[in-house]
file protein-v6.cif (mmCIF, C-alpha atoms and all ligand atoms)
data_start
loop_
_atom_site.label_atom_id
_atom_site.label_comp_id
_atom_site.auth_asym_id
_atom_site.auth_seq_id
_atom_site.Cartn_x
_atom_site.Cartn_y
_atom_site.Cartn_z
CA MET Y 1 -25.75 58.43 20.54
CA ARG Y 2 -22.72 57.66 22.65
CA ASN Y 3 -24.57 54.78 24.29
CA THR Y 4 -25.32 53.24 20.91
CA THR Y 5 -21.67 53.50 19.89
CA ILE Y 6 -20.58 51.76 23.07
CA LYS Y 7 -23.17 49.04 22.54
CA ILE Y 8 -21.91 48.43 19.00
CA MET Y 9 -18.31 48.35 20.24
CA LEU Y 10 -19.25 45.83 22.91
CA ALA Y 11 -21.08 43.71 20.36
CA VAL Y 12 -18.08 43.73 18.00
CA ALA Y 13 -15.76 42.82 20.86
CA GLY Y 14 -18.09 39.99 21.83
CA ILE Y 15 -18.19 38.57 18.32
CA SER Y 16 -14.39 38.86 17.94
CA SER Y 17 -13.77 36.98 21.15
CA LEU Y 18 -16.18 34.27 20.00
CA ILE Y 19 -14.24 33.92 16.74
CA ALA Y 20 -10.95 33.87 18.66
CA ILE Y 21 -11.97 30.91 20.81
CA THR Y 22 -13.37 28.79 17.97
CA PRO Y 23 -11.16 25.65 17.92
CA ILE Y 24 -9.01 25.41 14.76
CA SER Y 25 -9.56 21.65 14.46
CA VAL Y 26 -13.11 22.24 13.19
CA VAL Y 27 -12.97 21.97 9.44
CA GLN Y 28 -14.88 24.71 7.67
CA ALA Y 29 -15.48 24.12 4.00
CA SER Y 30 -17.75 26.89 2.72
CA ASP Y 31 -21.18 25.77 1.53
CA ASP Y 32 -20.20 26.79 -2.00
CA LEU Y 33 -17.02 24.73 -1.97
CA HIS Y 34 -18.86 21.74 -0.47
CA THR Y 35 -21.61 21.88 -3.13
CA LYS Y 36 -19.18 22.45 -6.01
CA PHE Y 37 -16.94 19.56 -4.91
CA THR Y 38 -19.96 17.24 -4.51
CA GLU Y 39 -21.31 18.10 -7.96
CA GLU Y 40 -17.92 17.68 -9.67
CA SER Y 41 -17.23 14.44 -7.83
CA ARG Y 42 -20.67 13.02 -8.65
CA LYS Y 43 -19.91 13.61 -12.34
CA THR Y 44 -16.41 12.12 -12.09
CA ALA Y 45 -17.70 9.04 -10.25
CA GLN Y 46 -20.39 8.55 -12.88
CA GLU Y 47 -17.95 8.84 -15.82
CA PHE Y 48 -15.39 6.61 -14.15
CA MET Y 49 -17.95 3.87 -13.44
CA GLN Y 50 -19.51 4.13 -16.90
CA GLN Y 51 -16.14 3.67 -18.61
CA LEU Y 52 -15.27 0.76 -16.37
CA ALA Y 53 -18.65 -0.93 -16.89
CA GLY Y 54 -18.38 -0.42 -20.66
CA THR Y 55 -14.93 -2.04 -20.84
CA LEU Y 56 -16.03 -4.87 -18.56
CA LYS Y 57 -19.13 -5.61 -20.62
CA GLN Y 58 -17.17 -5.56 -23.88
CA GLN Y 59 -14.61 -8.02 -22.49
CA LEU Y 60 -17.25 -10.32 -21.01
CA ASP Y 61 -19.15 -10.39 -24.31
CA SER Y 62 -16.18 -10.94 -26.59
CA ASN Y 63 -13.57 -12.81 -24.53
CA GLY Y 64 -15.32 -14.31 -21.49
CA THR Y 65 -14.98 -13.98 -17.72
CA GLU Y 66 -11.37 -15.18 -17.32
CA SER Y 67 -9.96 -12.58 -19.67
CA ALA Y 68 -12.20 -9.90 -18.11
CA ILE Y 69 -10.44 -10.50 -14.79
CA LYS Y 70 -7.13 -9.49 -16.34
CA VAL Y 71 -8.73 -6.40 -17.84
CA CYS Y 72 -10.22 -5.46 -14.45
CA LYS Y 73 -6.83 -5.85 -12.88
CA GLU Y 74 -5.18 -3.45 -15.31
CA ILE Y 75 -7.96 -1.14 -16.46
CA ALA Y 76 -9.55 -0.32 -13.08
CA PRO Y 77 -6.38 1.10 -11.45
CA ALA Y 78 -5.37 2.83 -14.71
CA LEU Y 79 -8.76 4.53 -15.02
CA ALA Y 80 -8.63 5.57 -11.35
CA LEU Y 81 -5.26 7.22 -12.05
CA LYS Y 82 -6.63 8.91 -15.17
CA TYR Y 83 -9.31 10.63 -13.07
CA SER Y 84 -6.90 11.50 -10.24
CA VAL Y 85 -6.12 15.00 -11.55
CA ASP Y 86 -6.38 18.57 -10.21
CA GLY Y 87 -5.33 17.53 -6.71
CA LYS Y 88 -7.96 14.77 -6.48
CA THR Y 89 -7.36 11.12 -5.62
CA VAL Y 90 -9.91 8.75 -7.16
CA LYS Y 91 -10.14 5.08 -6.23
CA ARG Y 92 -12.52 2.23 -5.40
CA VAL Y 93 -12.69 0.90 -1.88
CA SER Y 94 -14.61 -1.89 -0.14
CA LEU Y 95 -15.16 -3.31 3.34
CA LYS Y 96 -14.29 -6.69 1.71
CA PRO Y 97 -11.64 -5.76 -0.87
CA ARG Y 98 -10.30 -7.98 -3.63
CA ASN Y 99 -7.31 -5.75 -4.34
CA GLN Y 100 -5.89 -5.32 -0.81
CA LEU Y 101 -3.40 -2.66 -1.89
CA GLN Y 102 -5.79 -0.28 -3.61
CA GLY Y 103 -9.18 -1.31 -2.28
CA THR Y 104 -8.59 -1.22 1.49
CA PRO Y 105 -10.45 1.75 3.01
CA GLY Y 106 -8.94 4.27 5.45
CA PRO Y 107 -10.73 5.17 8.71
CA GLU Y 108 -13.02 7.85 7.17
CA GLU Y 109 -13.80 5.63 4.17
CA THR Y 110 -14.63 2.74 6.50
CA ALA Y 111 -17.06 4.96 8.46
CA MET Y 112 -18.80 6.07 5.25
CA LEU Y 113 -18.98 2.48 3.90
CA VAL Y 114 -20.56 1.34 7.19
CA GLU Y 115 -23.06 4.21 6.85
CA PHE Y 116 -23.93 3.00 3.31
CA ASP Y 117 -24.48 -0.55 4.58
CA GLU Y 118 -26.78 0.73 7.33
CA LYS Y 119 -28.80 2.69 4.78
CA GLN Y 120 -28.97 -0.37 2.54
CA ARG Y 121 -30.34 -2.41 5.45
CA ASN Y 122 -32.96 0.32 5.90
CA ASP Y 123 -34.00 -0.13 2.27
CA ALA Y 124 -32.50 3.07 0.88
CA ASP Y 125 -32.15 3.26 -2.90
CA THR Y 126 -28.53 2.06 -3.15
CA LYS Y 127 -28.06 3.54 -6.62
CA SER Y 128 -28.20 7.10 -5.32
CA LEU Y 129 -26.28 6.78 -2.04
CA GLU Y 130 -23.52 9.37 -1.66
CA ILE Y 131 -21.80 11.24 1.17
CA THR Y 132 -19.52 14.29 1.24
CA LYS Y 133 -17.51 14.96 4.40
CA ALA Y 134 -15.04 17.63 5.44
CA TYR Y 135 -12.53 16.59 8.10
CA LYS Y 136 -9.00 16.97 9.36
CA ASP Y 137 -6.43 14.28 10.13
CA ALA Y 138 -2.68 14.12 10.75
CA GLU Y 139 -2.01 14.73 7.03
CA GLY Y 140 -4.22 17.78 6.53
CA ALA Y 141 -7.78 19.01 5.94
CA TRP Y 142 -9.90 17.20 3.36
CA LEU Y 143 -13.09 17.17 1.36
CA HIS Y 144 -14.12 13.59 0.71
CA TYR Y 145 -16.88 12.30 -1.56
CA MET Y 146 -18.07 8.68 -1.60
CA LYS Y 147 -20.57 7.09 -4.00
CA ALA Y 148 -21.91 3.61 -3.23
CA ILE Y 149 -21.49 0.90 -5.88
CA PRO Y 150 -24.38 -1.60 -5.78
CA THR Y 151 -23.87 -5.18 -6.95
CA GLN Y 152 -25.65 -6.03 -10.21
CA GLN Y 153 -26.43 -9.41 -11.75
CA VAL Y 154 -23.41 -9.20 -14.10
CA CYS Y 155 -21.04 -8.77 -11.14
CA LEU Y 156 -21.95 -12.13 -9.60
CA GLN Y 157 -19.81 -14.21 -11.95
CA CYS Y 158 -16.77 -12.74 -10.14
CA HIS Y 159 -18.24 -11.44 -6.84
CA GLY Y 160 -21.13 -13.87 -6.17
CA LYS Y 161 -21.31 -16.86 -3.82
CA PRO Y 162 -18.19 -19.03 -4.37
CA ASP Y 163 -20.35 -22.06 -5.32
CA ASN Y 164 -21.90 -20.04 -8.14
CA ILE Y 165 -18.57 -18.86 -9.57
CA ALA Y 166 -17.22 -21.00 -12.42
CA ASP Y 167 -14.25 -23.22 -11.44
CA ASN Y 168 -11.81 -21.65 -13.91
CA VAL Y 169 -12.78 -18.14 -12.72
CA ARG Y 170 -12.44 -19.10 -9.06
CA ALA Y 171 -9.01 -20.62 -9.75
CA LEU Y 172 -7.75 -17.53 -11.56
CA LEU Y 173 -9.08 -15.20 -8.84
CA ALA Y 174 -7.33 -17.31 -6.18
CA LYS Y 175 -4.09 -17.10 -8.14
CA GLU Y 176 -4.22 -13.35 -8.83
CA TYR Y 177 -5.73 -12.34 -5.46
CA PRO Y 178 -4.70 -14.80 -2.74
CA ALA Y 179 -6.24 -12.56 -0.03
CA ASP Y 180 -9.50 -11.98 -1.99
CA ARG Y 181 -12.48 -11.15 0.26
CA ALA Y 182 -14.78 -9.88 -2.49
CA THR Y 183 -17.08 -12.89 -2.99
CA GLY Y 184 -20.40 -13.89 -1.45
CA TYR Y 185 -22.38 -10.88 -2.68
CA SER Y 186 -25.98 -10.84 -3.94
CA THR Y 187 -27.62 -8.30 -6.25
CA GLY Y 188 -28.48 -4.98 -4.60
CA GLU Y 189 -25.84 -5.37 -1.88
CA ILE Y 190 -23.23 -2.61 -1.75
CA ARG Y 191 -19.98 -3.93 -3.24
CA GLY Y 192 -17.97 -0.83 -2.35
CA ALA Y 193 -17.68 2.84 -3.25
CA VAL Y 194 -15.97 5.28 -5.55
CA SER Y 195 -13.84 7.44 -3.26
CA ILE Y 196 -12.76 10.96 -4.28
CA ARG Y 197 -10.68 13.13 -1.96
CA ARG Y 198 -8.94 16.49 -2.21
CA ALA Y 199 -7.14 18.76 0.21
CA ILE Y 200 -8.84 21.94 1.43
CA ARG Y 201 -6.38 24.77 0.89
C1 LIG X 301 -14.62 -10.57 -14.71
C2 LIG X 301 -14.70 -10.56 -13.29
C3 LIG X 301 -15.34 -9.36 -12.62
C4 LIG X 301 -16.60 -8.90 -12.80
C5 LIG X 301 -17.68 -9.43 -13.74
C6 LIG X 301 -16.73 -7.78 -11.89
N1 LIG X 301 -15.59 -7.60 -11.18
FE1 LIG X 301 -15.29 -6.24 -9.69
N2 LIG X 301 -13.37 -6.83 -9.54
C7 LIG X 301 -12.79 -7.81 -10.31
C8 LIG X 301 -11.36 -7.79 -10.10
C9 LIG X 301 -10.35 -8.70 -10.75
C10 LIG X 301 -11.11 -6.74 -9.18
C11 LIG X 301 -9.76 -6.28 -8.64
C12 LIG X 301 -9.27 -5.17 -9.57
C13 LIG X 301 -7.96 -4.59 -9.14
O1 LIG X 301 -6.99 -5.34 -9.02
O2 LIG X 301 -7.93 -3.37 -8.91
C14 LIG X 301 -12.40 -6.17 -8.86
C15 LIG X 301 -12.54 -5.11 -7.98
C16 LIG X 301 -13.72 -4.47 -7.76
C17 LIG X 301 -13.89 -3.32 -6.88
C18 LIG X 301 -12.77 -2.57 -6.14
C19 LIG X 301 -12.66 -2.93 -4.69
C20 LIG X 301 -11.99 -4.27 -4.47
O3 LIG X 301 -12.71 -5.18 -4.01
O4 LIG X 301 -10.80 -4.41 -4.76
C21 LIG X 301 -15.20 -2.99 -6.92
C22 LIG X 301 -15.87 -1.85 -6.16
C23 LIG X 301 -15.84 -3.90 -7.85
N3 LIG X 301 -14.92 -4.79 -8.33
C24 LIG X 301 -17.18 -3.84 -8.18
C25 LIG X 301 -17.74 -4.59 -9.20
C26 LIG X 301 -19.11 -4.41 -9.65
C27 LIG X 301 -20.10 -3.43 -9.07
C28 LIG X 301 -19.29 -5.27 -10.68
C29 LIG X 301 -20.50 -5.42 -11.56
C30 LIG X 301 -20.96 -4.23 -12.25
C31 LIG X 301 -18.05 -6.01 -10.85
N4 LIG X 301 -17.14 -5.56 -9.94
C32 LIG X 301 -17.87 -7.02 -11.77
C33 LIG X 301 -13.42 -8.68 -11.15
C34 LIG X 301 -14.71 -8.53 -11.60
#
call {"tool": "encode", "arguments": {"input": "protein-v6.cif", "output": "structure tokens", "more": "lines below"}}
Ligand code: HEC
result
Amino acid sequence: MRNTTIKIMLAVAGISSLIAITPISVVQASDDLHTKFTEESRKTAQEFMQQLAGTLKQQLDSNGTESAIKVCKEIAPALALKYSVDGKTVKRVSLKPRNQLQGTPGPEETAMLVEFDEKQRNDADTKSLEITKAYKDAEGAWLHYMKAIPTQQVCLQCHGKPDNIADNVRALLAKEYPADRATGYSTGEIRGAVSIRRAIR
């Protein structure tokens, strides 16, 4: 009896010391939190992209490409802000951004975008590519969801090969975005990602 008690005490002490030496820099988001955040973010990304695509299509159909550029410039950041609630930051990022201020990825976003590109090269279905990561940086601990945005046919009039973009559209893009890098895409290529991040408390 006494032996068993001692064994249990030793086991408890062993486990406690293991816990004590676990480095704090490892970010532990519980499985539940990870899954819940991924599911919520997947839904947010879907809604955000659907609204944006709807507005874009409407503008293209009724007012043409040039006016759709202006809508993109105002609507995209406004919609991103609308979804940035409950401690979340929602935006679109790209390895070749058009909007340098809002579209330039941070280090973790860059790593996830590179991962998407690798998967695309390995013929993954780009429509369903997503990643959720938990990590810590100088600003805090984070849960970060990224959903790849594949290029569709309709995108090419503003993101396709420069030679295939209409002159008036190319001129307006050059005026509005002098540092634009977001041309030269073909259908199926990953244009960027919806990025959703929140702090782990
Ligand atoms: C009418 C022209 C036009 C069309 C068509 C268009 N875009 Fe864009 N796109 C823009 C403009 C303008 C911006 C910069 C918006 C801003 O200032 O935030 C942009 C920005 C983006 C960004 C944000 C990252 C960055 O480069 O700044 C992504 C992602 C994107 N577009 C994807 C797409 C996809 C996918 C399609 C097709 C479904 C598409 N776009 C169709 C004009 C267009």
call {"tool": "residues_near_ligand", "arguments": {"input": "protein-v6.cif", "ligand": "ligand LIG 301 (chain X)", "cutoff": "6 Å", "atoms": "only C-alpha atoms and all ligand atoms", "output": "compact mmCIF listing (two decimals) with C-alpha atoms, keeping the file's coordinate frame"}}
result
# COMPACT_ATOMS: atom_id res chain seq x y z
CA THR Y 65 -14.98 -13.98 -17.72
CA ALA Y 68 -12.20 -9.90 -18.11
CA ILE Y 69 -10.44 -10.50 -14.79
CA CYS Y 72 -10.22 -5.46 -14.45
CA LYS Y 73 -6.83 -5.85 -12.88
CA ALA Y 76 -9.55 -0.32 -13.08
CA PRO Y 77 -6.38 1.10 -11.45
CA ARG Y 92 -12.52 2.23 -5.40
CA VAL Y 93 -12.69 0.90 -1.88
CA SER Y 94 -14.61 -1.89 -0.14
CA PRO Y 97 -11.64 -5.76 -0.87
CA ARG Y 98 -10.30 -7.98 -3.63
CA ASN Y 99 -7.31 -5.75 -4.34
CA GLY Y 103 -9.18 -1.31 -2.28
CA ILE Y 149 -21.49 0.90 -5.88
CA PRO Y 150 -24.38 -1.60 -5.78
CA THR Y 151 -23.87 -5.18 -6.95
CA GLN Y 152 -25.65 -6.03 -10.21
CA VAL Y 154 -23.41 -9.20 -14.10
CA CYS Y 155 -21.04 -8.77 -11.14
CA GLN Y 157 -19.81 -14.21 -11.95
CA CYS Y 158 -16.77 -12.74 -10.14
CA ALA Y 182 -14.78 -9.88 -2.49
CA ARG Y 191 -19.98 -3.93 -3.24
CA GLY Y 192 -17.97 -0.83 -2.35
CA ALA Y 193 -17.68 2.84 -3.25
call {"tool": "residues_around", "arguments": {"input": "protein-v6.cif", "residues": "segment 34-40 of chain Y", "least_positions_apart": "2", "cutoff": "12 Å", "atoms": "only C-alpha atoms", "output": "MDAnalysis selection string"}}
result
chainID Y and resid 27:32 42:47 83 86:88 130:135 142:147 195:200
call {"tool": "residues_around", "arguments": {"input": "protein-v6.cif", "residues": "segment 113-120 of chain Y", "least_positions_apart": "3", "cutoff": "7 Å", "atoms": "all atoms listed in the file", "output": "PDB file with C-alpha atoms, in the frame of the given file"}}
result
ATOM      1  CA  LEU Y  95     -15.160  -3.310   3.340  1.00  0.00           C
ATOM      2  CA  GLU Y 109     -13.800   5.630   4.170  1.00  0.00           C
ATOM      3  CA  THR Y 110     -14.630   2.740   6.500  1.00  0.00           C
ATOM      4  CA  ASP Y 123     -34.000  -0.130   2.270  1.00  0.00           C
ATOM      5  CA  ALA Y 124     -32.500   3.070   0.880  1.00  0.00           C
ATOM      6  CA  THR Y 126     -28.530   2.060  -3.150  1.00  0.00           C
ATOM      7  CA  LEU Y 129     -26.280   6.780  -2.040  1.00  0.00           C
ATOM      8  CA  ALA Y 148     -21.910   3.610  -3.230  1.00  0.00           C
ATOM      9  CA  ILE Y 190     -23.230  -2.610  -1.750  1.00  0.00           C
TER      10      ILE Y 190
END
call {"tool": "closest_residue", "arguments": {"input": "protein-v6.cif", "among": "Y:Arg181, Y:Arg201, Y:Lys91, Y:Lys82", "to": "Pro105 of chain Y", "atoms": "only C-alpha atoms"}}
result
Y:Lys91
call {"tool": "atom_distance", "arguments": {"input": "protein-v6.cif", "atom1": "atom CA of Ile165 of chain Y", "atom2": "atom CA of Glu66 of chain Y"}}
result
11.2 Å
call {"tool": "atom_distance", "arguments": {"input": "protein-v6.cif", "atom1": "atom CA of Lys175 of chain Y", "atom2": "atom CA of Lys96 of chain Y"}}
result
17.6 Å
call {"tool": "closest_residue", "arguments": {"input": "protein-v6.cif", "among": "Y:Gly54, Y:Gln59, Y:Val194, Y:Gly188", "to": "Asp125 of chain Y", "atoms": "all atoms listed in the file"}}
result
Y:Gly188
call {"tool": "closest_residue", "arguments": {"input": "protein-v6.cif", "among": "Y:Asp61, Y:Val71, Y:Glu139, Y:Gly184", "to": "Asp163 of chain Y", "atoms": "only C-alpha atoms"}}
result
Y:Gly184
call {"tool": "atom_distance", "arguments": {"input": "protein-v6.cif", "atom1": "atom CA of Lys161 of chain Y", "atom2": "atom CA of Ala174 of chain Y"}}
result
14.2 Å
